[in-house]
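Undergrad: The following file, upload30.cif, comprises mmCIF, C-alpha atoms:
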```
data_entry
#
loop_
_atom_site.label_atom_id
_atom_site.label_comp_id
_atom_site.auth_asym_id
_atom_site.auth_seq_id
_atom_site.Cartn_x
_atom_site.Cartn_y
_atom_site.Cartn_z
CA MET A 13 0.65 -45.07 -26.03
CA GLU A 14 -1.08 -46.88 -28.89
CA PHE A 15 -2.63 -44.69 -31.56
CA SER A 16 -5.41 -45.73 -33.89
CA SER A 17 -4.11 -43.36 -36.55
CA LYS A 18 -0.66 -42.66 -37.96
CA LEU A 19 -1.63 -39.06 -38.70
CA LEU A 20 -2.61 -38.57 -35.09
CA GLU A 21 0.52 -40.27 -33.81
CA ASN A 22 2.68 -38.10 -35.99
CA ALA A 23 0.99 -34.86 -34.93
CA VAL A 24 1.26 -35.83 -31.27
CA TYR A 25 4.93 -36.72 -31.69
CA GLU A 26 5.79 -33.39 -33.31
CA MET A 27 3.79 -31.48 -30.70
CA SER A 28 5.55 -33.31 -27.87
CA GLN A 29 8.91 -32.03 -29.15
CA LEU A 30 8.01 -28.62 -27.71
CA PRO A 31 9.56 -27.88 -24.32
CA GLY A 32 7.35 -28.80 -21.37
CA VAL A 33 4.87 -30.63 -23.58
CA GLY A 34 4.67 -34.35 -22.81
CA LYS A 35 2.86 -37.00 -24.83
CA ARG A 36 -0.37 -36.63 -22.86
CA THR A 37 -0.46 -32.85 -23.17
CA ALA A 38 0.39 -33.11 -26.85
CA LEU A 39 -2.53 -35.49 -27.35
CA ARG A 40 -4.86 -33.13 -25.51
CA LEU A 41 -3.75 -30.18 -27.66
CA VAL A 42 -4.06 -32.12 -30.90
CA LEU A 43 -7.51 -33.47 -30.02
CA HIS A 44 -8.56 -29.93 -29.15
CA LEU A 45 -7.49 -28.77 -32.61
CA LEU A 46 -9.53 -31.59 -34.15
CA LYS A 47 -12.64 -30.29 -32.42
CA GLN A 48 -12.08 -26.74 -33.66
CA PRO A 49 -12.81 -25.49 -37.18
CA GLU A 50 -10.24 -26.60 -39.74
CA SER A 51 -9.24 -22.99 -40.35
CA GLN A 52 -7.75 -22.65 -36.85
CA THR A 53 -5.25 -25.45 -37.45
CA GLY A 54 -4.48 -23.97 -40.85
CA ARG A 55 -3.75 -20.58 -39.32
CA LEU A 56 -1.53 -22.07 -36.60
CA ALA A 57 0.44 -24.13 -39.11
CA GLN A 58 0.79 -21.16 -41.45
CA ALA A 59 1.83 -18.75 -38.67
CA LEU A 60 4.56 -21.12 -37.47
CA LYS A 61 5.82 -21.73 -41.01
CA SER A 62 5.92 -18.04 -41.98
CA LEU A 63 7.58 -17.13 -38.72
CA ARG A 64 10.33 -19.67 -39.21
CA GLU A 65 10.88 -18.91 -42.87
CA GLU A 66 10.52 -15.13 -42.97
CA ILE A 67 11.73 -13.93 -39.58
CA LYS A 68 14.69 -11.57 -39.54
CA PHE A 69 17.00 -10.54 -36.77
CA CYS A 70 17.92 -6.87 -36.45
CA ARG A 71 21.43 -6.41 -37.87
CA ASN A 72 22.33 -4.02 -35.07
CA CYS A 73 20.90 -5.54 -31.86
CA HIS A 74 19.91 -9.09 -32.99
CA ASN A 75 16.37 -8.60 -31.71
CA ILE A 76 13.61 -10.33 -33.69
CA SER A 77 12.27 -8.02 -36.34
CA ASP A 78 10.28 -8.04 -39.57
CA VAL A 79 12.76 -5.64 -41.16
CA GLU A 80 16.54 -5.30 -41.35
CA LEU A 81 16.79 -2.73 -38.57
CA CYS A 82 14.35 -3.17 -35.68
CA GLU A 83 11.98 -0.44 -34.51
CA ILE A 84 14.02 0.28 -31.42
CA CYS A 85 17.34 0.67 -33.23
CA ALA A 86 15.67 2.71 -35.97
CA ASN A 87 14.11 5.14 -33.50
CA PRO A 88 16.15 8.40 -33.53
CA LYS A 89 14.68 9.42 -30.13
CA ARG A 90 16.46 6.58 -28.36
CA ASP A 91 19.86 7.02 -26.78
CA SER A 92 22.25 5.07 -28.99
CA GLY A 93 25.15 5.57 -26.58
CA LEU A 94 23.50 3.36 -23.97
CA ILE A 95 23.25 -0.38 -24.56
CA CYS A 96 21.51 -2.92 -22.39
CA VAL A 97 22.97 -6.41 -22.85
CA VAL A 98 20.32 -9.12 -22.50
CA GLU A 99 20.15 -12.85 -23.01
CA ASP A 100 16.96 -13.18 -24.97
CA ILE A 101 14.34 -11.21 -26.85
CA ARG A 102 11.94 -11.94 -23.99
CA ASP A 103 14.15 -9.75 -21.81
CA VAL A 104 13.86 -6.93 -24.33
CA MET A 105 10.08 -7.22 -24.14
CA ALA A 106 10.15 -7.28 -20.34
CA ILE A 107 12.32 -4.17 -20.10
CA GLU A 108 10.34 -2.36 -22.80
CA ASN A 109 7.18 -3.01 -20.77
CA THR A 110 8.59 -1.01 -17.86
CA SER A 111 8.83 2.17 -20.02
CA GLN A 112 11.86 3.12 -17.89
CA TYR A 113 14.58 2.60 -20.47
CA ASN A 114 15.40 4.75 -23.44
CA GLY A 115 18.63 3.22 -24.75
CA LEU A 116 19.21 0.40 -27.21
CA TYR A 117 19.64 -3.33 -26.62
CA HIS A 118 22.05 -6.05 -27.58
CA VAL A 119 20.57 -9.56 -27.60
CA LEU A 120 23.24 -12.20 -26.98
CA GLY A 121 20.98 -15.12 -27.79
CA GLY A 122 21.91 -17.10 -24.69
CA LYS A 123 24.62 -17.23 -22.07
CA ILE A 124 27.98 -18.95 -21.84
CA SER A 125 27.34 -22.41 -20.48
CA PRO A 126 30.08 -25.05 -20.68
CA MET A 127 27.58 -27.60 -19.31
CA GLU A 128 25.35 -27.16 -22.34
CA GLY A 129 28.28 -26.70 -24.70
CA ILE A 130 27.56 -23.02 -25.36
CA GLY A 131 30.72 -20.97 -25.75
CA PRO A 132 31.29 -17.26 -26.52
CA GLN A 133 31.46 -18.01 -30.25
CA ASP A 134 27.85 -19.28 -30.19
CA LEU A 135 26.59 -15.93 -28.92
CA ASN A 136 26.41 -12.44 -30.42
CA ILE A 137 29.40 -11.26 -28.40
CA ALA A 138 31.86 -10.36 -31.19
CA SER A 139 29.49 -7.79 -32.70
CA LEU A 140 29.01 -6.19 -29.27
CA VAL A 141 32.76 -5.89 -28.70
CA GLU A 142 33.05 -4.45 -32.20
CA LYS A 143 30.44 -1.80 -31.39
CA VAL A 144 32.30 -0.83 -28.24
CA LYS A 145 35.62 -0.63 -30.08
CA LYS A 146 34.13 1.86 -32.51
CA GLY A 147 33.88 4.17 -29.50
CA GLU A 148 30.24 5.10 -29.97
CA ILE A 149 29.03 3.46 -26.77
CA ARG A 150 28.97 5.43 -23.51
CA GLU A 151 27.64 2.75 -21.18
CA LEU A 152 26.90 -0.97 -21.21
CA ILE A 153 24.25 -2.24 -18.79
CA PHE A 154 24.55 -5.95 -18.07
CA ALA A 155 21.02 -7.29 -17.56
CA MET A 156 21.69 -11.03 -17.50
CA SER A 157 20.00 -13.32 -15.04
CA SER A 158 21.96 -13.63 -11.83
CA THR A 159 23.22 -17.18 -12.24
CA MET A 160 26.65 -18.72 -12.65
CA GLU A 161 26.22 -18.65 -16.44
CA GLY A 162 24.96 -15.06 -16.43
CA ASP A 163 27.88 -13.89 -14.27
CA THR A 164 30.36 -15.76 -16.46
CA THR A 165 28.97 -14.13 -19.59
CA ASN A 166 29.08 -10.67 -18.03
CA PHE A 167 32.66 -11.20 -16.93
CA TYR A 168 33.76 -12.53 -20.31
CA ILE A 169 32.37 -9.47 -22.08
CA TYR A 170 33.82 -7.18 -19.41
CA LYS A 171 37.29 -8.64 -19.95
CA GLN A 172 37.09 -7.98 -23.69
CA ILE A 173 36.22 -4.31 -23.30
CA GLN A 174 37.77 -3.25 -20.00
CA ASP A 175 40.60 -1.29 -21.70
CA ARG A 176 38.06 0.74 -23.66
CA GLU A 177 36.46 4.01 -22.66
CA VAL A 178 33.06 2.61 -21.75
CA ARG A 179 31.17 2.60 -18.49
CA THR A 180 29.74 -0.76 -17.39
CA SER A 181 26.94 -1.35 -14.92
CA THR A 182 24.60 -4.14 -13.93
CA ILE A 183 20.95 -3.90 -13.02
CA ALA A 184 20.25 -3.61 -9.28
CA ARG A 185 19.70 -6.78 -7.29
CA GLY A 186 17.51 -6.50 -4.25
CA ILE A 187 14.18 -7.22 -2.64
CA ALA A 188 11.39 -7.12 -5.23
CA VAL A 189 8.78 -4.40 -4.81
CA GLY A 190 5.95 -5.82 -2.69
CA ASP A 191 8.00 -8.72 -1.28
CA GLU A 192 8.21 -9.49 2.42
CA LEU A 193 11.71 -9.16 3.86
CA GLU A 194 11.47 -12.33 5.91
CA TYR A 195 10.97 -14.51 2.84
CA ALA A 196 13.91 -13.09 0.88
CA ASP A 197 16.98 -15.29 0.49
CA GLU A 198 20.03 -14.12 2.38
CA ILE A 199 22.20 -13.40 -0.68
CA THR A 200 19.62 -11.04 -2.15
CA LEU A 201 18.96 -9.40 1.20
CA GLY A 202 22.69 -9.06 1.84
CA ARG A 203 23.27 -7.41 -1.53
CA SER A 204 20.31 -5.09 -1.06
CA ILE A 205 21.91 -3.79 2.15
CA LEU A 206 25.41 -3.52 0.68
CA HIS A 207 24.14 -1.64 -2.37
CA ARG A 208 21.63 0.54 -0.56
CA ILE A 209 20.65 3.79 -2.25
CA PRO A 210 19.98 7.25 -0.82
CA PHE A 211 16.39 7.49 0.40
CA GLU A 212 15.75 10.61 -1.65
CA THR A 213 16.71 8.69 -4.81
CA SER A 214 14.18 5.98 -4.04
CA LEU A 215 11.43 8.60 -3.76
CA LYS A 216 12.06 9.67 -7.33
CA ALA A 217 12.08 6.13 -8.70
CA ASP A 218 8.64 6.09 -10.31
CA MET B 1 2.83 -7.62 -24.47
CA GLU B 2 4.57 -5.57 -27.16
CA PHE B 3 6.15 -7.52 -30.00
CA SER B 4 8.93 -6.31 -32.19
CA SER B 5 7.66 -8.46 -35.06
CA LYS B 6 4.20 -9.05 -36.54
CA LEU B 7 5.20 -12.57 -37.58
CA LEU B 8 6.15 -13.37 -34.01
CA GLU B 9 3.01 -11.77 -32.62
CA ASN B 10 0.85 -13.76 -35.01
CA ALA B 11 2.55 -17.07 -34.19
CA VAL B 12 2.26 -16.40 -30.46
CA TYR B 13 -1.40 -15.49 -30.84
CA GLU B 14 -2.26 -18.67 -32.73
CA MET B 15 -0.28 -20.79 -30.28
CA SER B 16 -2.05 -19.19 -27.33
CA GLN B 17 -5.40 -20.37 -28.73
CA LEU B 18 -4.51 -23.89 -27.58
CA PRO B 19 -6.08 -24.90 -24.26
CA GLY B 20 -3.90 -24.23 -21.23
CA VAL B 21 -1.39 -22.21 -23.26
CA GLY B 22 -1.22 -18.58 -22.19
CA LYS B 23 0.62 -15.76 -23.95
CA ARG B 24 3.82 -16.31 -22.01
CA THR B 25 3.92 -20.05 -22.63
CA ALA B 26 3.10 -19.48 -26.28
CA LEU B 27 6.03 -17.07 -26.55
CA ARG B 28 8.34 -19.58 -24.90
CA LEU B 29 7.25 -22.33 -27.31
CA VAL B 30 7.58 -20.14 -30.36
CA LEU B 31 11.04 -18.85 -29.35
CA HIS B 32 12.07 -22.45 -28.78
CA LEU B 33 11.03 -23.32 -32.33
CA LEU B 34 13.09 -20.38 -33.61
CA LYS B 35 16.19 -21.81 -31.96
CA GLN B 36 15.63 -25.26 -33.50
CA PRO B 37 16.37 -26.24 -37.10
CA GLU B 38 13.82 -24.90 -39.58
CA SER B 39 12.83 -28.46 -40.49
CA GLN B 40 11.33 -29.07 -37.06
CA THR B 41 8.83 -26.24 -37.43
CA GLY B 42 8.06 -27.43 -40.94
CA ARG B 43 7.35 -30.94 -39.71
CA LEU B 44 5.11 -29.68 -36.89
CA ALA B 45 3.15 -27.42 -39.23
CA GLN B 46 2.80 -30.18 -41.80
CA ALA B 47 1.76 -32.81 -39.25
CA LEU B 48 -0.98 -30.56 -37.88
CA LYS B 49 -2.23 -29.66 -41.35
CA SER B 50 -2.33 -33.24 -42.63
CA LEU B 51 -4.00 -34.42 -39.47
CA ARG B 52 -6.75 -31.83 -39.76
CA GLU B 53 -7.27 -32.29 -43.47
CA GLU B 54 -6.91 -36.05 -43.88
CA ILE B 55 -8.13 -37.51 -40.63
CA LYS B 56 -11.11 -39.84 -40.79
CA PHE B 57 -13.46 -41.09 -38.12
CA CYS B 58 -14.37 -44.78 -38.14
CA ARG B 59 -17.86 -45.09 -39.61
CA ASN B 60 -18.79 -47.70 -37.04
CA CYS B 61 -17.40 -46.48 -33.70
CA HIS B 62 -16.39 -42.85 -34.52
CA ASN B 63 -12.86 -43.47 -33.25
CA ILE B 64 -10.10 -41.58 -35.05
CA SER B 65 -8.72 -43.65 -37.89
CA ASP B 66 -6.72 -43.35 -41.09
CA VAL B 67 -9.18 -45.60 -42.90
CA GLU B 68 -12.97 -45.90 -43.12
CA LEU B 69 -13.25 -48.70 -40.60
CA CYS B 70 -10.83 -48.53 -37.67
CA GLU B 71 -8.48 -51.36 -36.73
CA ILE B 72 -10.54 -52.34 -33.71
CA CYS B 73 -13.82 -52.55 -35.60
CA ALA B 74 -12.15 -54.35 -38.48
CA ASN B 75 -10.59 -56.99 -36.23
CA PRO B 76 -12.64 -60.22 -36.56
CA LYS B 77 -11.21 -61.54 -33.28
CA ARG B 78 -13.01 -58.86 -31.27
CA ASP B 79 -16.43 -59.43 -29.75
CA SER B 80 -18.78 -57.28 -31.81
CA GLY B 81 -21.71 -57.99 -29.47
CA LEU B 82 -20.07 -56.03 -26.67
CA ILE B 83 -19.82 -52.24 -26.91
CA CYS B 84 -18.07 -49.91 -24.52
CA VAL B 85 -19.54 -46.39 -24.67
CA VAL B 86 -16.89 -43.73 -24.07
CA GLU B 87 -16.71 -39.98 -24.25
CA ASP B 88 -13.50 -39.49 -26.14
CA ILE B 89 -10.86 -41.29 -28.16
CA ARG B 90 -8.50 -40.80 -25.24
CA ASP B 91 -10.72 -43.17 -23.27
CA VAL B 92 -10.42 -45.77 -26.03
CA MET B 93 -6.63 -45.50 -25.78
CA ALA B 94 -6.73 -45.77 -21.99
CA ILE B 95 -8.91 -48.90 -22.04
CA GLU B 96 -6.91 -50.48 -24.88
CA ASN B 97 -3.76 -49.99 -22.80
CA THR B 98 -5.19 -52.24 -20.07
CA SER B 99 -5.42 -55.22 -22.52
CA GLN B 100 -8.48 -56.33 -20.50
CA TYR B 101 -11.17 -55.59 -23.03
CA ASN B 102 -11.98 -57.48 -26.19
CA GLY B 103 -15.19 -55.83 -27.39
CA LEU B 104 -15.76 -52.79 -29.60
CA TYR B 105 -16.20 -49.14 -28.68
CA HIS B 106 -18.58 -46.34 -29.41
CA VAL B 107 -17.10 -42.85 -29.11
CA LEU B 108 -19.77 -40.26 -28.28
CA GLY B 109 -17.49 -37.28 -28.82
CA GLY B 110 -18.45 -35.57 -25.57
CA LYS B 111 -21.17 -35.68 -22.95
CA ILE B 112 -24.53 -33.98 -22.60
CA SER B 113 -23.89 -30.65 -20.90
CA PRO B 114 -26.62 -28.00 -20.89
CA MET B 115 -24.14 -25.58 -19.29
CA GLU B 116 -21.89 -25.77 -22.34
CA GLY B 117 -24.81 -26.00 -24.75
CA ILE B 118 -24.08 -29.61 -25.73
CA GLY B 119 -27.25 -31.61 -26.33
CA PRO B 120 -27.80 -35.24 -27.41
CA GLN B 121 -27.98 -34.19 -31.07
CA ASP B 122 -24.37 -32.93 -30.86
CA LEU B 123 -23.10 -36.37 -29.89
CA ASN B 124 -22.90 -39.71 -31.70
CA ILE B 125 -25.90 -41.07 -29.82
CA ALA B 126 -28.36 -41.69 -32.67
CA SER B 127 -25.99 -44.13 -34.39
CA LEU B 128 -25.52 -46.02 -31.12
CA VAL B 129 -29.28 -46.37 -30.61
CA GLU B 130 -29.55 -47.48 -34.23
CA LYS B 131 -26.94 -50.19 -33.64
CA VAL B 132 -28.82 -51.44 -30.58
CA LYS B 133 -32.13 -51.48 -32.47
CA LYS B 134 -30.63 -53.75 -35.11
CA GLY B 135 -30.41 -56.30 -32.31
CA GLU B 136 -26.77 -57.20 -32.83
CA ILE B 137 -25.56 -55.88 -29.48
CA ARG B 138 -25.54 -58.12 -26.42
CA GLU B 139 -24.22 -55.65 -23.85
CA LEU B 140 -23.47 -51.95 -23.55
CA ILE B 141 -20.85 -50.90 -21.02
CA PHE B 142 -21.12 -47.26 -19.97
CA ALA B 143 -17.62 -45.99 -19.31
CA MET B 144 -18.28 -42.27 -18.92
CA SER B 145 -16.60 -40.22 -16.24
CA SER B 146 -18.58 -40.20 -13.04
CA THR B 147 -19.84 -36.60 -13.14
CA MET B 148 -23.27 -35.03 -13.43
CA GLU B 149 -22.81 -34.77 -17.20
CA GLY B 150 -21.55 -38.34 -17.51
CA ASP B 151 -24.47 -39.70 -15.49
CA THR B 152 -26.94 -37.62 -17.52
CA THR B 153 -25.52 -38.97 -20.76
CA ASN B 154 -25.67 -42.57 -19.52
CA PHE B 155 -29.25 -42.12 -18.38
CA TYR B 156 -30.31 -40.49 -21.65
CA ILE B 157 -28.95 -43.40 -23.68
CA TYR B 158 -30.39 -45.91 -21.23
CA LYS B 159 -33.86 -44.39 -21.66
CA GLN B 160 -33.63 -44.71 -25.44
CA ILE B 161 -32.80 -48.40 -25.40
CA GLN B 162 -34.36 -49.75 -22.21
CA ASP B 163 -37.16 -51.51 -24.09
CA ARG B 164 -34.63 -53.39 -26.22
CA GLU B 165 -33.05 -56.74 -25.49
CA VAL B 166 -29.64 -55.45 -24.45
CA ARG B 167 -27.78 -55.74 -21.19
CA THR B 168 -26.35 -52.48 -19.79
CA SER B 169 -23.56 -52.12 -17.27
CA THR B 170 -21.22 -49.44 -16.00
CA ILE B 171 -17.58 -49.77 -15.09
CA ALA B 172 -16.88 -50.42 -11.41
CA ARG B 173 -16.34 -47.43 -9.12
CA GLY B 174 -14.15 -48.01 -6.12
CA ILE B 175 -10.84 -47.45 -4.43
CA ALA B 176 -8.04 -47.35 -6.99
CA VAL B 177 -5.43 -50.10 -6.81
CA GLY B 178 -2.61 -48.91 -4.55
CA ASP B 179 -4.64 -46.11 -2.93
CA GLU B 180 -4.88 -45.70 0.83
CA LEU B 181 -8.39 -46.11 2.24
CA GLU B 182 -8.12 -43.12 4.55
CA TYR B 183 -7.60 -40.69 1.68
CA ALA B 184 -10.55 -41.90 -0.42
CA ASP B 185 -13.61 -39.65 -0.62
CA GLU B 186 -16.68 -41.01 1.16
CA ILE B 187 -18.83 -41.43 -1.96
CA THR B 188 -16.26 -43.66 -3.63
CA LEU B 189 -15.62 -45.58 -0.43
CA GLY B 190 -19.37 -45.95 0.17
CA ARG B 191 -19.91 -47.30 -3.33
CA SER B 192 -16.99 -49.66 -3.07
CA ILE B 193 -18.60 -51.24 0.01
CA LEU B 194 -22.09 -51.35 -1.50
CA HIS B 195 -20.81 -52.97 -4.69
CA ARG B 196 -18.30 -55.30 -3.07
CA ILE B 197 -17.36 -58.41 -5.03
CA PRO B 198 -16.69 -61.99 -3.89
CA PHE B 199 -13.11 -62.35 -2.69
CA GLU B 200 -12.50 -65.29 -5.03
CA THR B 201 -13.40 -63.08 -8.01
CA SER B 202 -10.85 -60.46 -7.01
CA LEU B 203 -8.14 -63.13 -6.93
CA LYS B 204 -8.77 -63.87 -10.59
CA ALA B 205 -8.74 -60.23 -11.66
CA ASP B 206 -5.29 -60.05 -13.17
#
```
Translate the structure of the given file into structure tokens.

TA:
Amino acid sequence: MEFSSKLLENAVYEMSQLPGVGKRTALRLVLHLLKQPESQTGRLAQALKSLREEIKFCRNCHNISDVELCEICANPKRDSGLICVVEDIRDVMAIENTSQYNGLYHVLGGKISPMEGIGPQDLNIASLVEKVKKGEIRELIFAMSSTMEGDTTNFYIYKQIQDREVRTSTIARGIAVGDELEYADEITLGRSILHRIPFETSLKAD
Amino acid sequence: MEFSSKLLENAVYEMSQLPGVGKRTALRLVLHLLKQPESQTGRLAQALKSLREEIKFCRNCHNISDVELCEICANPKRDSGLICVVEDIRDVMAIENTSQYNGLYHVLGGKISPMEGIGPQDLNIASLVEKVKKGEIRELIFAMSSTMEGDTTNFYIYKQIQDREVRTSTIARGIAVGDELEYADEITLGRSILHRIPFETSLKAD
């Protein structure tokens, strides 16, 4: 692509560094900003800069936070003996949206992936093991995505803490609510039969 | 969506103001930036700010430019008697990429659209008419998209200059190179038969 302006070319290049944003999309976004009031671009630039420079991560659960200890960890009403291990802060937000969970979280910041060169030392695993060793944790819930990398990460953590007095569980895998059985993949369907639950329990779910 | 950080919420909100970027995508982009070196976010923010604050539009053709008169208009080798009327600077880039055109451009900055409240006074039409009235233009090529709004805009300009000594043309509509005939819509196919060209001419096209 040939640009008539270096400023434009530069903005498009930086925009196209975002994931899923190609050169054409970047150009469309940048031209859109040019048509909007100058203040909008200023606000976007400022918001990104402040975020990157001022953001903190909770010292307990590694969730994104504006303060040292995030709202969830600081809430005395939450069950601090129960920890849900997630990959990403997006998972925290997703689980929080369900309003079904009252424990704390531990954000690993990724999953073990030799293909991408991510090992246990790149994730917040040591601090989790430390927490467990202190003996204050009753149960760990593994809520990683059900992939090779997710399973590896779960197993790695499990190995580190298996001699400790802590219960471990994983979130249920099964047919999503509202899904048709015939379109489910056989692994999911198989697991949902193997790990079936008493009918009375399912009635109380909501 | 509930955010654990105001900074994050703010950045996601500003990002989601971009066209085609919803809240979820915005969150994904912002979290990606958080995982990258701080310098990347700084460069993006700076590039957007400089673009918005320092960008100029060519005083002759209204194309985006870093200087008063854009490279195309300033090039003495280009045919200044021939003007291609386009909607957007993206169209200039697209036509320049073909290397088939040696005239100048005139960027309208949009098309007449009563539905969106865009009238002729919102576009760079007056300066185009002015140029034509000076008598320096030999031919105007309308290269607007072939929609109701594009046709309206073409016709509006045509009406303003029809009593002047200037040739007007529109780009050819027809079956795209490489397309199968059977999948073409009937309007395009109909036009491509009506406006057929001598076979010898097509041989010289490239």

Undergrad: State, in Å with one decimal place, the distance from atom CA of Leu20 of chain A to atom CA of Ile157 of chain B.

TA: 29.1 Å

Undergrad: How close does each residue of chain B get to chain A, giving the shortest atom pair and distance in Å to one decimal for every residue with an atom at most 9 Å away, counting all atoms listed in the file, sorted by chain and residue number, as a tab-separated table?

TA:
```
residue	atom	partner	partner_atom	distance
B:Met1	CA	A:Met105	CA	7.3
B:Glu2	CA	A:Met105	CA	6.5
B:Phe3	CA	A:Met105	CA	7.1
B:Ser4	CA	A:Ser77	CA	5.6
B:Ser5	CA	A:Ser77	CA	4.8
B:Lys6	CA	A:Asp78	CA	6.9
B:Leu7	CA	A:Leu63	CA	5.3
B:Leu8	CA	A:Leu63	CA	6.2
B:Asn10	CA	A:Ala59	CA	6.3
B:Ala11	CA	A:Ala59	CA	4.8
B:Val12	CA	A:Ala59	CA	8.6
B:Tyr13	CA	A:Leu56	CA	8.7
B:Glu14	CA	A:Leu56	CA	5.2
B:Met15	CA	A:Leu56	CA	6.6
B:Gln17	CA	A:Gln52	CA	8.8
B:Leu18	CA	A:Leu41	CA	6.3
B:Pro19	CA	A:Leu41	CA	6.7
B:Gly20	CA	A:Leu41	CA	8.8
B:Leu27	CA	A:Arg102	CA	8.2
B:Arg28	CA	A:Pro31	CA	8.4
B:Leu29	CA	A:Leu30	CA	6.3
B:Val30	CA	A:Leu60	CA	7.8
B:Leu31	CA	A:Ile101	CA	8.7
B:His32	CA	A:Pro31	CA	7.5
B:Leu33	CA	A:Leu30	CA	7.7
B:Leu34	CA	A:Arg64	CA	6.3
B:Glu38	CA	A:Arg64	CA	6.3
B:Gln40	CA	A:Glu26	CA	8.0
B:Thr41	CA	A:Lys61	CA	6.5
B:Gly42	CA	A:Lys61	CA	6.1
B:Arg43	CA	A:Glu26	CA	7.0
B:Leu44	CA	A:Glu26	CA	5.2
B:Ala45	CA	A:Ala57	CA	4.3
B:Gln46	CA	A:Ala57	CA	7.0
B:Ala47	CA	A:Ala23	CA	4.8
B:Leu48	CA	A:Ala23	CA	5.6
B:Lys49	CA	A:Gly54	CA	6.1
B:Ser50	CA	A:Leu19	CA	7.1
B:Leu51	CA	A:Leu19	CA	5.3
B:Arg52	CA	A:Leu46	CA	6.3
B:Glu53	CA	A:Glu50	CA	7.4
B:Glu54	CA	A:Leu19	CA	8.0
B:Ile55	CA	A:Leu19	CA	7.0
B:Lys56	CA	A:Ser17	CA	8.9
B:Asn63	CA	A:Ser16	CA	7.8
B:Ile64	CA	A:Ser16	CA	6.4
B:Ser65	CA	A:Ser17	CA	4.8
B:Asp66	CA	A:Ser17	CA	5.2
B:Val67	CA	A:Ser17	CA	8.4
B:Cys70	CA	A:Ser16	CA	7.2
B:Glu71	CA	A:Ser16	CA	7.0
B:Ile72	CA	A:Ser16	CA	8.4
B:Ile89	CA	A:Leu43	CA	8.7
B:Arg90	CA	A:Leu39	CA	8.3
B:Met93	CA	A:Glu14	CA	6.5
B:Ala94	CA	A:Met13	CA	8.4
B:Glu96	CA	A:Glu14	CA	7.9
B:Asn97	CA	A:Glu14	CA	7.3
```

Undergrad: If you count only C-alpha atoms, which residues fall within 12 Å of Arg167 of chain B, apart from same-chain ones fewer than 5 positions away, as an NGL selection string?

TA: :B and (81-84 or 132 or 135-142 or 158 or 161-162)

Undergrad: Just checking: using all atoms listed in the file, which residue out of B:Met148, B:Glu130, B:Gly103, B:Ala143 ends up closest to Val86 of chain B?

TA: B:Ala143

Undergrad: Could you name the residues that touch Val141 of chain A at 7 Å or less, counting all atoms listed in the file, but leaving out those on the same chain fewer than 4 positions away, as a list in words?

TA: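 Skipping anything fewer than 4 positions along the chain leaves Ile137, Lys145, Gln172 and Ile173 of chain A.
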
Undergrad: Please provide as a ChimeraX atom specification all residues within 10 Å of Gly150 of chain B, with the sequence filter that same-chain residues fewer than 2 positions apart are discarded (counting only C-alpha atoms).

TA: /B:86-87,110-113,142-148,152-156

Undergrad: At what distance in Å, to one decimal, does atom CA of Cys73 of chain A lie from atom CA of Ala188 of chain A?

TA: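 Rounded to one decimal, the two atoms are 28.3 Å apart.
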
Undergrad: Could you work out how far atom CA of Thr182 of chain A lies from atom CA of Arg203 of chain A, giving the answer in Å with one decimal?

TA: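 Answer for the atom CA of Arg203 of chain A to atom CA of Thr182 of chain A separation: 12.9 Å.
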
Undergrad: Applied to the shown file, which residues does the PyMOL selection byres ((chain B and resi 173) around 10) return, written as a list in words?

TA: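 That selection, the PyMOL selection byres ((chain B and resi 173) around 10), comes back as Ser146, Thr170, Ile171, Ala172, Gly174, Ile175, Ala176, Ile187, Thr188, Leu189, Gly190, Arg191, Ser192 and His195 of chain B.
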